[in-house]
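model_1.pdb, holding PDB, C-alpha atoms:
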ATOM      1  CA  MET A   1      -9.479  58.157 181.140
ATOM      2  CA  LYS A   2      -8.634  61.519 182.704
ATOM      3  CA  VAL A   3     -11.428  64.094 182.279
ATOM      4  CA  ILE A   4     -10.713  67.831 182.588
ATOM      5  CA  GLY A   5     -13.421  70.495 182.776
ATOM      6  CA  LEU A   6     -12.516  73.894 181.297
ATOM      7  CA  GLU A   7     -15.364  76.112 182.502
ATOM      8  CA  GLU A   8     -15.580  75.555 186.235
ATOM      9  CA  HIS A   9     -16.151  78.721 188.233
ATOM     10  CA  PHE A  10     -15.454  80.347 191.590
ATOM     11  CA  VAL A  11     -15.934  83.723 193.276
ATOM     12  CA  THR A  12     -14.259  85.557 196.130
ATOM     13  CA  ARG A  13     -15.820  87.729 198.811
ATOM     14  CA  ASP A  14     -13.891  90.809 197.637
ATOM     15  CA  VAL A  15     -15.106  90.418 194.065
ATOM     16  CA  VAL A  16     -18.716  89.986 195.193
ATOM     17  CA  GLU A  17     -18.479  93.152 197.278
ATOM     18  CA  ALA A  18     -17.087  95.029 194.282
ATOM     19  CA  TRP A  19     -19.923  93.758 192.068
ATOM     20  CA  ARG A  20     -22.543  94.858 194.595
ATOM     21  CA  ALA A  21     -21.038  98.354 194.824
ATOM     22  CA  LEU A  22     -21.369  98.942 191.068
ATOM     23  CA  ASP A  23     -23.895 101.277 189.518
ATOM     24  CA  PRO A  24     -26.859  99.062 188.459
ATOM     25  CA  GLU A  25     -26.113  99.874 184.809
ATOM     26  CA  TRP A  26     -22.934  97.815 185.042
ATOM     27  CA  GLN A  27     -24.213  94.992 187.238
ATOM     28  CA  ASP A  28     -24.459  91.673 185.439
ATOM     29  CA  LEU A  29     -27.579  89.499 185.716
ATOM     30  CA  ALA A  30     -25.279  86.763 186.996
ATOM     31  CA  LEU A  31     -24.969  88.719 190.252
ATOM     32  CA  THR A  32     -27.996  86.947 191.740
ATOM     33  CA  PRO A  33     -26.985  83.295 191.143
ATOM     34  CA  SER A  34     -23.384  84.152 192.023
ATOM     35  CA  THR A  35     -24.293  85.652 195.392
ATOM     36  CA  GLN A  36     -27.401  83.760 196.529
ATOM     37  CA  GLY A  37     -28.412  80.163 197.188
ATOM     38  CA  ASP A  38     -26.585  76.908 196.521
ATOM     39  CA  SER A  39     -24.619  78.208 193.552
ATOM     40  CA  ALA A  40     -23.137  81.040 195.622
ATOM     41  CA  ARG A  41     -22.014  78.616 198.323
ATOM     42  CA  ARG A  42     -20.476  76.267 195.790
ATOM     43  CA  LEU A  43     -18.682  79.073 193.964
ATOM     44  CA  ALA A  44     -16.932  80.115 197.175
ATOM     45  CA  ASP A  45     -15.865  76.577 198.116
ATOM     46  CA  PHE A  46     -12.601  74.908 197.124
ATOM     47  CA  GLY A  47     -12.919  71.966 199.491
ATOM     48  CA  ASP A  48     -14.868  68.807 200.079
ATOM     49  CA  GLU A  49     -18.155  69.864 198.450
ATOM     50  CA  ARG A  50     -16.461  70.875 195.204
ATOM     51  CA  LEU A  51     -14.418  67.674 195.133
ATOM     52  CA  ALA A  52     -17.530  65.578 195.762
ATOM     53  CA  GLU A  53     -19.375  67.342 192.942
ATOM     54  CA  MET A  54     -16.427  66.754 190.639
ATOM     55  CA  GLU A  55     -16.570  63.035 191.385
ATOM     56  CA  LYS A  56     -20.307  62.990 190.749
ATOM     57  CA  ALA A  57     -19.803  64.790 187.413
ATOM     58  CA  GLY A  58     -16.997  62.450 186.381
ATOM     59  CA  LEU A  59     -14.296  65.140 186.435
ATOM     60  CA  ASP A  60     -10.747  64.494 187.543
ATOM     61  CA  VAL A  61      -9.640  68.114 187.162
ATOM     62  CA  GLN A  62     -11.419  71.468 187.210
ATOM     63  CA  VAL A  63      -9.802  74.410 185.421
ATOM     64  CA  LEU A  64     -11.003  77.200 187.707
ATOM     65  CA  SER A  65     -12.017  80.667 186.528
ATOM     66  CA  LEU A  66     -13.679  83.684 188.110
ATOM     67  CA  SER A  67     -17.386  83.739 187.310
ATOM     68  CA  THR A  68     -19.209  86.240 185.090
ATOM     69  CA  PRO A  69     -18.376  89.091 184.517
ATOM     70  CA  GLY A  70     -14.973  88.864 186.181
ATOM     71  CA  VAL A  71     -13.594  92.317 186.971
ATOM     72  CA  GLN A  72     -14.310  93.790 183.547
ATOM     73  CA  ASN A  73     -17.099  96.156 184.633
ATOM     74  CA  LEU A  74     -15.193  97.580 187.599
ATOM     75  CA  ALA A  75     -13.403 100.911 187.799
ATOM     76  CA  PRO A  76      -9.854 100.495 186.430
ATOM     77  CA  ALA A  77      -8.045 100.806 189.767
ATOM     78  CA  ASP A  78     -10.389  98.309 191.428
ATOM     79  CA  ALA A  79     -10.054  95.895 188.533
ATOM     80  CA  VAL A  80      -6.255  95.989 188.670
ATOM     81  CA  ALA A  81      -6.167  95.411 192.433
ATOM     82  CA  LEU A  82      -8.622  92.522 192.242
ATOM     83  CA  GLN A  83      -6.947  90.796 189.297
ATOM     84  CA  THR A  84      -3.763  90.508 191.354
ATOM     85  CA  ALA A  85      -5.504  89.318 194.511
ATOM     86  CA  THR A  86      -7.729  86.869 192.636
ATOM     87  CA  ASN A  87      -4.883  85.331 190.675
ATOM     88  CA  ASP A  88      -2.698  85.007 193.763
ATOM     89  CA  LEU A  89      -5.535  83.169 195.523
ATOM     90  CA  LEU A  90      -6.139  80.947 192.506
ATOM     91  CA  ALA A  91      -2.447  80.057 192.365
ATOM     92  CA  GLU A  92      -2.565  79.047 196.046
ATOM     93  CA  VAL A  93      -5.608  76.846 195.422
ATOM     94  CA  THR A  94      -4.061  75.098 192.425
ATOM     95  CA  ARG A  95      -0.753  74.565 194.208
ATOM     96  CA  ALA A  96      -2.561  73.018 197.180
ATOM     97  CA  ARG A  97      -4.353  70.443 195.002
ATOM     98  CA  PRO A  98      -2.455  70.208 191.696
ATOM     99  CA  GLY A  99      -4.079  66.894 190.846
ATOM    100  CA  SER A 100      -7.562  68.374 191.088
ATOM    101  CA  PHE A 101      -7.321  72.044 190.111
ATOM    102  CA  GLN A 102      -5.785  74.151 187.384
ATOM    103  CA  GLY A 103      -6.557  77.810 186.696
ATOM    104  CA  LEU A 104      -7.356  80.530 184.182
ATOM    105  CA  ALA A 105      -6.318  84.028 185.198
ATOM    106  CA  THR A 106      -8.576  87.012 185.818
ATOM    107  CA  LEU A 107      -7.649  90.090 183.762
ATOM    108  CA  ALA A 108      -8.316  93.779 184.452
ATOM    109  CA  THR A 109      -9.356  94.644 180.911
ATOM    110  CA  PRO A 110     -10.276  98.249 181.870
ATOM    111  CA  ARG A 111      -6.484  98.714 181.789
ATOM    112  CA  PRO A 112      -5.311  96.564 178.871
ATOM    113  CA  ASP A 113      -1.588  97.097 179.434
ATOM    114  CA  ALA A 114      -1.928  96.042 183.072
ATOM    115  CA  ALA A 115      -4.014  93.048 181.973
ATOM    116  CA  ALA A 116      -1.354  91.997 179.468
ATOM    117  CA  ALA A 117       1.359  92.256 182.100
ATOM    118  CA  GLU A 118      -0.765  90.279 184.568
ATOM    119  CA  LEU A 119      -1.357  87.553 182.003
ATOM    120  CA  ALA A 120       2.405  87.164 181.634
ATOM    121  CA  ARG A 121       2.829  87.004 185.423
ATOM    122  CA  ALA A 122      -0.028  84.539 185.818
ATOM    123  CA  VAL A 123       1.418  82.184 183.216
ATOM    124  CA  THR A 124       5.151  82.447 183.871
ATOM    125  CA  GLU A 125       5.161  82.932 187.666
ATOM    126  CA  LEU A 126       1.854  81.575 188.981
ATOM    127  CA  GLY A 127       1.535  78.550 186.698
ATOM    128  CA  LEU A 128      -1.932  79.401 185.364
ATOM    129  CA  HIS A 129      -2.906  78.213 181.890
ATOM    130  CA  GLY A 130      -4.246  81.327 180.168
ATOM    131  CA  ALA A 131      -7.163  83.559 181.107
ATOM    132  CA  MET A 132     -10.937  83.896 181.166
ATOM    133  CA  VAL A 133     -12.216  87.001 179.369
ATOM    134  CA  PHE A 134     -15.642  88.403 178.575
ATOM    135  CA  GLY A 135     -16.793  90.070 175.373
ATOM    136  CA  ARG A 136     -17.300  93.577 176.710
ATOM    137  CA  THR A 137     -15.665  95.931 179.184
ATOM    138  CA  ARG A 138     -18.599  98.118 180.167
ATOM    139  CA  ASP A 139     -19.690  99.594 176.815
ATOM    140  CA  HIS A 140     -16.516  98.680 174.912
ATOM    141  CA  THR A 141     -16.304  95.484 172.873
ATOM    142  CA  MET A 142     -13.159  93.425 173.205
ATOM    143  CA  ASP A 143     -12.302  93.602 169.513
ATOM    144  CA  GLU A 144     -11.378  97.304 169.852
ATOM    145  CA  GLN A 145      -7.673  97.877 169.250
ATOM    146  CA  ALA A 146      -7.221  99.312 172.740
ATOM    147  CA  PHE A 147      -7.471  95.705 173.985
ATOM    148  CA  TRP A 148      -5.032  94.216 171.499
ATOM    149  CA  PRO A 149      -2.079  94.264 173.953
ATOM    150  CA  ILE A 150      -3.903  91.424 175.721
ATOM    151  CA  TYR A 151      -4.070  89.388 172.506
ATOM    152  CA  GLU A 152      -0.462  90.176 171.695
ATOM    153  CA  ALA A 153       0.606  88.889 175.103
ATOM    154  CA  ALA A 154      -1.566  85.765 174.845
ATOM    155  CA  ALA A 155      -0.208  84.958 171.385
ATOM    156  CA  ALA A 156       3.399  85.461 172.478
ATOM    157  CA  LEU A 157       2.862  83.189 175.470
ATOM    158  CA  ARG A 158       0.813  80.692 173.434
ATOM    159  CA  ALA A 159      -1.664  80.944 176.329
ATOM    160  CA  PRO A 160      -5.349  80.421 175.458
ATOM    161  CA  LEU A 161      -8.102  82.896 176.260
ATOM    162  CA  HIS A 162     -11.518  81.507 177.185
ATOM    163  CA  LEU A 163     -14.237  83.857 175.876
ATOM    164  CA  HIS A 164     -17.174  83.556 178.272
ATOM    165  CA  PRO A 165     -20.711  84.989 177.998
ATOM    166  CA  GLN A 166     -21.935  87.943 180.008
ATOM    167  CA  SER A 167     -25.339  89.591 180.172
ATOM    168  CA  PRO A 168     -26.372  91.675 177.151
ATOM    169  CA  PRO A 169     -26.264  95.445 177.711
ATOM    170  CA  PRO A 170     -29.316  96.920 179.484
ATOM    171  CA  ALA A 171     -30.636  98.574 176.315
ATOM    172  CA  VAL A 172     -30.471  95.258 174.450
ATOM    173  CA  ARG A 173     -32.192  93.470 177.321
ATOM    174  CA  ARG A 174     -35.005  96.020 177.271
ATOM    175  CA  ALA A 175     -35.399  95.796 173.495
ATOM    176  CA  TYR A 176     -35.160  92.035 173.008
ATOM    177  CA  TYR A 177     -35.537  90.194 176.283
ATOM    178  CA  SER A 178     -38.250  91.981 178.275
ATOM    179  CA  GLY A 179     -41.993  91.722 178.728
ATOM    180  CA  TYR A 180     -42.441  88.365 180.467
ATOM    181  CA  GLY A 181     -41.774  89.248 184.093
ATOM    182  CA  THR A 182     -38.529  89.729 185.977
ATOM    183  CA  ARG A 183     -37.590  86.075 186.295
ATOM    184  CA  ALA A 184     -38.489  85.077 182.739
ATOM    185  CA  ASP A 185     -36.847  88.185 181.265
ATOM    186  CA  ALA A 186     -33.607  87.400 183.113
ATOM    187  CA  ALA A 187     -33.673  83.767 181.982
ATOM    188  CA  LEU A 188     -34.311  84.728 178.360
ATOM    189  CA  ALA A 189     -31.491  87.272 178.442
ATOM    190  CA  THR A 190     -29.018  84.819 179.963
ATOM    191  CA  HIS A 191     -29.036  81.033 179.787
ATOM    192  CA  GLY A 192     -32.180  80.919 177.610
ATOM    193  CA  ILE A 193     -30.428  82.477 174.639
ATOM    194  CA  GLY A 194     -29.173  86.015 175.347
ATOM    195  CA  TRP A 195     -25.821  85.017 176.764
ATOM    196  CA  HIS A 196     -25.065  82.927 173.721
ATOM    197  CA  TYR A 197     -26.065  85.445 171.074
ATOM    198  CA  ASP A 198     -24.057  88.102 172.889
ATOM    199  CA  SER A 199     -20.937  85.979 173.214
ATOM    200  CA  GLY A 200     -21.276  84.657 169.664
ATOM    201  CA  VAL A 201     -21.388  88.201 168.301
ATOM    202  CA  GLN A 202     -18.282  89.076 170.327
ATOM    203  CA  LEU A 203     -16.497  86.023 168.925
ATOM    204  CA  LEU A 204     -17.369  87.080 165.392
ATOM    205  CA  ARG A 205     -16.242  90.629 166.099
ATOM    206  CA  LEU A 206     -12.846  89.309 167.169
ATOM    207  CA  ILE A 207     -12.486  87.457 163.878
ATOM    208  CA  LEU A 208     -13.782  90.332 161.746
ATOM    209  CA  SER A 209     -11.471  92.809 163.481
ATOM    210  CA  GLY A 210      -8.490  90.966 162.036
ATOM    211  CA  VAL A 211      -7.016  90.087 165.440
ATOM    212  CA  PHE A 212      -6.202  86.526 164.318
ATOM    213  CA  ASP A 213      -4.538  87.814 161.159
ATOM    214  CA  ARG A 214      -2.409  90.113 163.301
ATOM    215  CA  PHE A 215      -1.714  87.419 165.940
ATOM    216  CA  PRO A 216      -2.002  84.036 164.182
ATOM    217  CA  ASP A 217      -0.816  82.133 167.262
ATOM    218  CA  LEU A 218      -3.738  83.425 169.360
ATOM    219  CA  GLN A 219      -6.043  80.640 170.553
ATOM    220  CA  VAL A 220      -9.547  81.340 171.892
ATOM    221  CA  ILE A 221     -11.915  78.888 173.590
ATOM    222  CA  ALA A 222     -15.652  79.328 173.015
ATOM    223  CA  GLY A 223     -18.059  77.460 175.241
ATOM    224  CA  HIS A 224     -21.606  76.243 174.606
ATOM    225  CA  TRP A 225     -20.502  74.620 171.333
ATOM    226  CA  GLY A 226     -19.341  77.905 169.821
ATOM    227  CA  GLU A 227     -22.043  80.243 171.148
ATOM    228  CA  MET A 228     -24.518  79.776 168.278
ATOM    229  CA  VAL A 229     -21.981  80.745 165.594
ATOM    230  CA  LEU A 230     -20.909  77.211 164.713
ATOM    231  CA  PHE A 231     -24.362  76.373 163.351
ATOM    232  CA  TYR A 232     -24.391  79.289 160.880
ATOM    233  CA  LEU A 233     -20.871  79.292 159.521
ATOM    234  CA  ASP A 234     -21.999  78.544 155.964
ATOM    235  CA  ARG A 235     -24.161  81.652 156.073
ATOM    236  CA  ILE A 236     -21.593  83.718 157.981
ATOM    237  CA  ASP A 237     -19.041  83.054 155.259
ATOM    238  CA  SER A 238     -21.084  85.416 153.093
ATOM    239  CA  LEU A 239     -19.157  88.120 154.977
ATOM    240  CA  ASN A 240     -15.959  87.012 153.277
ATOM    241  CA  GLY A 241     -16.435  89.355 150.348
ATOM    242  CA  VAL A 242     -17.153  92.450 152.427
ATOM    243  CA  VAL A 243     -14.401  92.299 155.065
ATOM    244  CA  GLY A 244     -10.667  92.418 154.529
ATOM    245  CA  LEU A 245      -9.648  89.157 156.166
ATOM    246  CA  GLN A 246      -6.864  86.947 154.900
ATOM    247  CA  ARG A 247      -9.095  83.846 154.952
ATOM    248  CA  PRO A 248     -12.775  82.880 155.102
ATOM    249  CA  VAL A 249     -14.386  83.397 158.488
ATOM    250  CA  SER A 250     -14.974  79.655 158.921
ATOM    251  CA  ASP A 251     -11.256  78.932 158.512
ATOM    252  CA  TYR A 252     -10.447  80.622 161.808
ATOM    253  CA  PHE A 253     -12.614  78.084 163.621
ATOM    254  CA  ARG A 254     -10.280  75.361 162.442
ATOM    255  CA  THR A 255      -7.053  77.176 163.347
ATOM    256  CA  ASN A 256      -7.738  79.607 166.212
ATOM    257  CA  ILE A 257     -10.934  78.526 168.012
ATOM    258  CA  TYR A 258     -11.503  75.643 170.400
ATOM    259  CA  LEU A 259     -15.017  74.562 171.369
ATOM    260  CA  ALA A 260     -16.382  73.195 174.638
ATOM    261  CA  PRO A 261     -19.885  72.061 175.671
ATOM    262  CA  SER A 262     -20.157  74.080 178.920
ATOM    263  CA  GLY A 263     -22.468  71.473 180.377
ATOM    264  CA  ILE A 264     -24.634  71.072 177.253
ATOM    265  CA  LEU A 265     -23.949  67.364 176.921
ATOM    266  CA  SER A 266     -25.605  66.866 173.558
ATOM    267  CA  ARG A 267     -24.261  64.089 171.354
ATOM    268  CA  ARG A 268     -25.947  65.751 168.390
ATOM    269  CA  TYR A 269     -24.010  68.973 168.997
ATOM    270  CA  LEU A 270     -20.821  66.978 169.484
ATOM    271  CA  ARG A 271     -21.252  65.256 166.125
ATOM    272  CA  TRP A 272     -21.840  68.612 164.449
ATOM    273  CA  ALA A 273     -18.780  70.159 166.112
ATOM    274  CA  ILE A 274     -16.579  67.276 165.016
ATOM    275  CA  GLU A 275     -17.878  67.621 161.453
ATOM    276  CA  VAL A 276     -17.260  71.377 161.346
ATOM    277  CA  VAL A 277     -13.970  71.890 163.208
ATOM    278  CA  GLY A 278     -12.557  68.401 163.804
ATOM    279  CA  VAL A 279     -12.078  66.454 167.009
ATOM    280  CA  ASP A 280      -8.700  68.056 167.751
ATOM    281  CA  ARG A 281     -10.453  71.361 168.530
ATOM    282  CA  ILE A 282     -12.967  70.101 171.067
ATOM    283  CA  LEU A 283     -12.452  70.352 174.828
ATOM    284  CA  PHE A 284     -14.688  69.406 177.751
ATOM    285  CA  SER A 285     -16.477  71.504 180.399
ATOM    286  CA  THR A 286     -19.407  71.208 182.787
ATOM    287  CA  ASP A 287     -20.079  74.883 183.726
ATOM    288  CA  TYR A 288     -19.902  74.212 187.459
ATOM    289  CA  PRO A 289     -21.879  75.055 189.553
ATOM    290  CA  PHE A 290     -24.569  76.381 187.217
ATOM    291  CA  VAL A 291     -25.330  73.168 185.327
ATOM    292  CA  THR A 292     -26.149  69.828 186.943
ATOM    293  CA  PRO A 293     -24.631  67.005 184.868
ATOM    294  CA  PRO A 294     -26.982  64.164 183.870
ATOM    295  CA  GLU A 295     -26.671  60.734 185.406
ATOM    296  CA  GLY A 296     -23.311  59.254 184.568
ATOM    297  CA  GLY A 297     -21.824  62.682 183.891
ATOM    298  CA  ALA A 298     -18.853  63.233 181.661
ATOM    299  CA  ARG A 299     -17.802  59.618 181.324
ATOM    300  CA  ALA A 300     -21.219  58.405 180.250
ATOM    301  CA  PHE A 301     -21.485  61.233 177.725
ATOM    302  CA  LEU A 302     -18.118  60.445 176.191
ATOM    303  CA  ALA A 303     -18.683  56.681 176.246
ATOM    304  CA  GLN A 304     -22.021  57.050 174.458
ATOM    305  CA  ALA A 305     -20.740  59.545 171.883
ATOM    306  CA  LYS A 306     -20.029  56.874 169.262
ATOM    307  CA  THR A 307     -16.494  58.122 168.704
ATOM    308  CA  SER A 308     -13.290  56.127 168.868
ATOM    309  CA  ASP A 309     -11.429  55.593 172.126
ATOM    310  CA  VAL A 310      -8.673  57.834 170.780
ATOM    311  CA  ASP A 311     -11.124  60.649 170.072
ATOM    312  CA  GLN A 312     -12.750  60.286 173.489
ATOM    313  CA  LEU A 313      -9.368  60.719 175.120
ATOM    314  CA  LYS A 314      -8.682  63.820 173.029
ATOM    315  CA  ILE A 315     -11.941  65.450 174.106
ATOM    316  CA  ALA A 316     -11.667  64.352 177.726
ATOM    317  CA  SER A 317      -8.211  65.792 178.332
ATOM    318  CA  GLY A 318      -5.766  65.174 175.491
ATOM    319  CA  ASN A 319      -6.535  68.320 173.524
ATOM    320  CA  TRP A 320      -6.291  70.511 176.631
ATOM    321  CA  ASP A 321      -3.033  68.876 177.710
ATOM    322  CA  ARG A 322      -1.614  69.454 174.223
ATOM    323  CA  LEU A 323      -2.723  73.089 174.250
ATOM    324  CA  CYS A 324      -1.147  73.665 177.664
ATOM    325  CA  SER A 325       2.089  71.948 176.668
ATOM    326  CA  ALA A 326       2.632  74.656 174.036
ATOM    327  CA  ILE A 327       2.428  77.519 176.564
ATOM    328  CA  ARG A 328       5.694  79.429 176.833
ATOM    329  CA  ARG A 329       6.563  79.644 180.521
TER     330      ARG A 329
END
Let me see the structure of the file written as C-alpha cells.
Amino acid sequence: MKVIGLEEHFVTRDVVEAWRALDPEWQDLALTPSTQGDSARRLADFGDERLAEMEKAGLDVQVLSLSTPGVQNLAPADAVALQTATNDLLAEVTRARPGSFQGLATLATPRPDAAAAELARAVTELGLHGAMVFGRTRDHTMDEQAFWPIYEAAAALRAPLHLHPQSPPPAVRRAYYSGYGTRADAALATHGIGWHYDSGVQLLRLILSGVFDRFPDLQVIAGHWGEMVLFYLDRIDSLNGVVGLQRPVSDYFRTNIYLAPSGILSRRYLRWAIEVVGVDRILFSTDYPFVTPPEGGARAFLAQAKTSDVDQLKIASGNWDRLCSAIRR
C-alpha cells in the first residue's frame, strides 16, 4: 500500500531571512519552531534524515510545501521574487527524487495576478501539483475578490489549493489567547486551538463569499480534519437562509473540500469525516516535522481504522492520485 503525506513542510534560508526582516506585526508565531531547534534543521533538509523520518512514519511519498506563513506576509516585490526561487528549488528536489517527493507551489498572494501566473507555471512547467495557501495576506482575508484570479487559475488547471493555518492576527491573540505566559499563550494561539479556529473561519469565508459558485471546479484541501468546521456543519447550515449561496454550506464539503488529518491520527475523527463527507474526500498527511507519528505510523493507523482495504487504499494514496490525474498540464 503506497502512502502519501500531503502536509509535509520545508523552508529555505532566503525565506527565513525574509521572515526575520519583517516588522513584528507581520511575523508569524511559527517563526520560532521554523528557525530554531530540531524542527528547523529538519525543515531545511531534503536528504537522508527526511527519508529516514518518512520510513519511520510509514510514508512512501511526501508532498512538500513551504511552511507557515509562506511568503504571504512579505512585501509584494519580495514575495514575487521568493515564489519563483522557492518553486524552482522545489521542482529540482522533486525531479531528483520523484519516487519520494512531490510538491505544492508557493504563491505570492500580495500580487494575485503574479500568483495566478506562477501557479500556471508551477503546474504546467515545473510539474507541481497545486499550491499551499494561507487564509490571510497581512490584514486581508483570502476570500476578498482581489484574490479571485488565483482561484480562477486553480479551477481552470484543476489544481488543488491546500489551505493551511497561520497565526491569528496580533489583536486576536491579545484578546483571546493571552494571559498565561509567553510559551502558553503561543501554544494556545497556535497548535492548541488558535490555528484551527483561524483557518476554519477562513475556510468558511471562502464558501460564504461564493467563490465555489463562481468556480465550481475549484478544489481546496483542509487539514486537521477540516479545521474545526466539520464538527459543526449542522449548526453552520443555519447560515443557508441568510447568505446567497446556490447550495447549503455543508454541500460544498462534499464537492469542493478534501480533508486530511495533518498528523492527528484519530480513528474517531476519521469515522466522523467518513460519515460527513465520504471516504473519497479524505487524504493523508503527517504534518512533518511538527508532529511525531505514533508507533506504527501511517500504516498502523490505516490498518486499525476498521475500514475496508479499498477504503484504506483511497485514503493512503488513491484519492490524491485521482485528484492529481485530473490536473490540466
Just so the selection is clear, what residues does the PyMOL selection byres ((chain A and resi 139-151) around 7) cover here, as a list in words?
Pro112, Asp113, Ala115, Ala116, Gly135, Arg136, Thr137, Arg138, Glu152, Ala153, Ala154, Ala155, Arg205, Leu206, Ser209 and Leu218 of chain A
Got a sec to resolve the PyMOL selection byres ((chain A and resi 261) around 6) on this structure and send the residues as a PyMOL selection string?
chain A and resi 223-225+260+262-264+285
Explicit residue set for the PyMOL selection byres ((chain A and resi 289) around 7), as a list of chain:residue names
A:His9, A:Ser39, A:Arg42, A:Leu43, A:Asp287, A:Tyr288, A:Phe290, A:Val291
Interatomic distance between CA of Ser65 (chain A) and CA of Tyr176 (chain A)?
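CA of Tyr176 (chain A) lies at a distance of 29.1 Å from CA of Ser65 (chain A).
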Neighbourhood query: residues within 12 Å of (1.8, 82.6, 177.4), file coordinates, counting all atoms listed in the file; return as a ChimeraX atom specification.
/A:104-105,116-131,150-161,217-219,323-329
Considering all atoms listed in the file, return as a PyMOL selection string whatever protein or nucleic-acid residues lie within 10 Å of Gly47 (chain A), sequence-local ones (same chain, fewer than 5 positions apart) excluded.
chain A and resi 42+52+93+97
Excluding Val249 (chain A) and its own-chain neighbours fewer than 6 positions away, which residues fall within 10 Å of it when counting all atoms listed in the file? Please give them as a ChimeraX atom specification.
/A:204,207-208,233-234,236-240,243
Which one is closest to Thr94 (chain A): A:Leu64, A:Leu230, A:Leu82, A:Ala77? Count all atoms listed in the file.
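The answer is A:Leu64, which sits nearest to Thr94 (chain A).
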Which residues are near region 31-34 of chain A? Cut-off 9 Å, all atoms listed in the file, ignore same chain within fewer than 3 positions. Put them as a list in words.
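Listing them by chain and then by number gives Phe10, Val11, Val16, Trp19, Arg20, Gln27, Asp28, Gly37, Asp38, Ser39, Ala40, Arg41, Leu43, Ser67, Thr68, Pro69 and Phe290 of chain A.
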Nearest residue to Gly296 (chain A) out of A:Met132, A:Val276, A:Met54, A:Gly194, using only C-alpha atoms?
A:Met54
Atom-to-atom span, CA of Trp195 (chain A) and CA of Glu227 (chain A), Å:
8.3 Å
Taking the point (-8.9, 82.9, 196.8) as given in the file, collect each protein or nucleic acid residue that comes within 10 Å of it, counting only C-alpha atoms, and present the set as a list in words.
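Using only C-alpha atoms, the matching residues come out as Phe10, Val11, Thr12, Arg13, Asp14, Ala44, Asp45, Phe46, Leu66, Ala85, Thr86, Asn87, Asp88, Leu89, Leu90, Ala91, Glu92 and Val93 of chain A.
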Two-atom distance - CA of Lys306 (chain A), CA of Leu283 (chain A) (Å):
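Between CA of Lys306 (chain A) and CA of Leu283 (chain A) the gap works out to 16.4 Å.
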Pick out the residues sitting within 8 Å of region 314-318 of chain A, and hand them over as a list in words; count all atoms listed in the file, and ignore anything fewer than 4 positions along from it in its own chain.
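Near region 314-318 of chain A, the qualifying residues are Met1, Lys2, Val3, Ile4, Val279, Asp280, Ile282, Leu283, Phe284, Leu302, Val310 and Arg322 of chain A.
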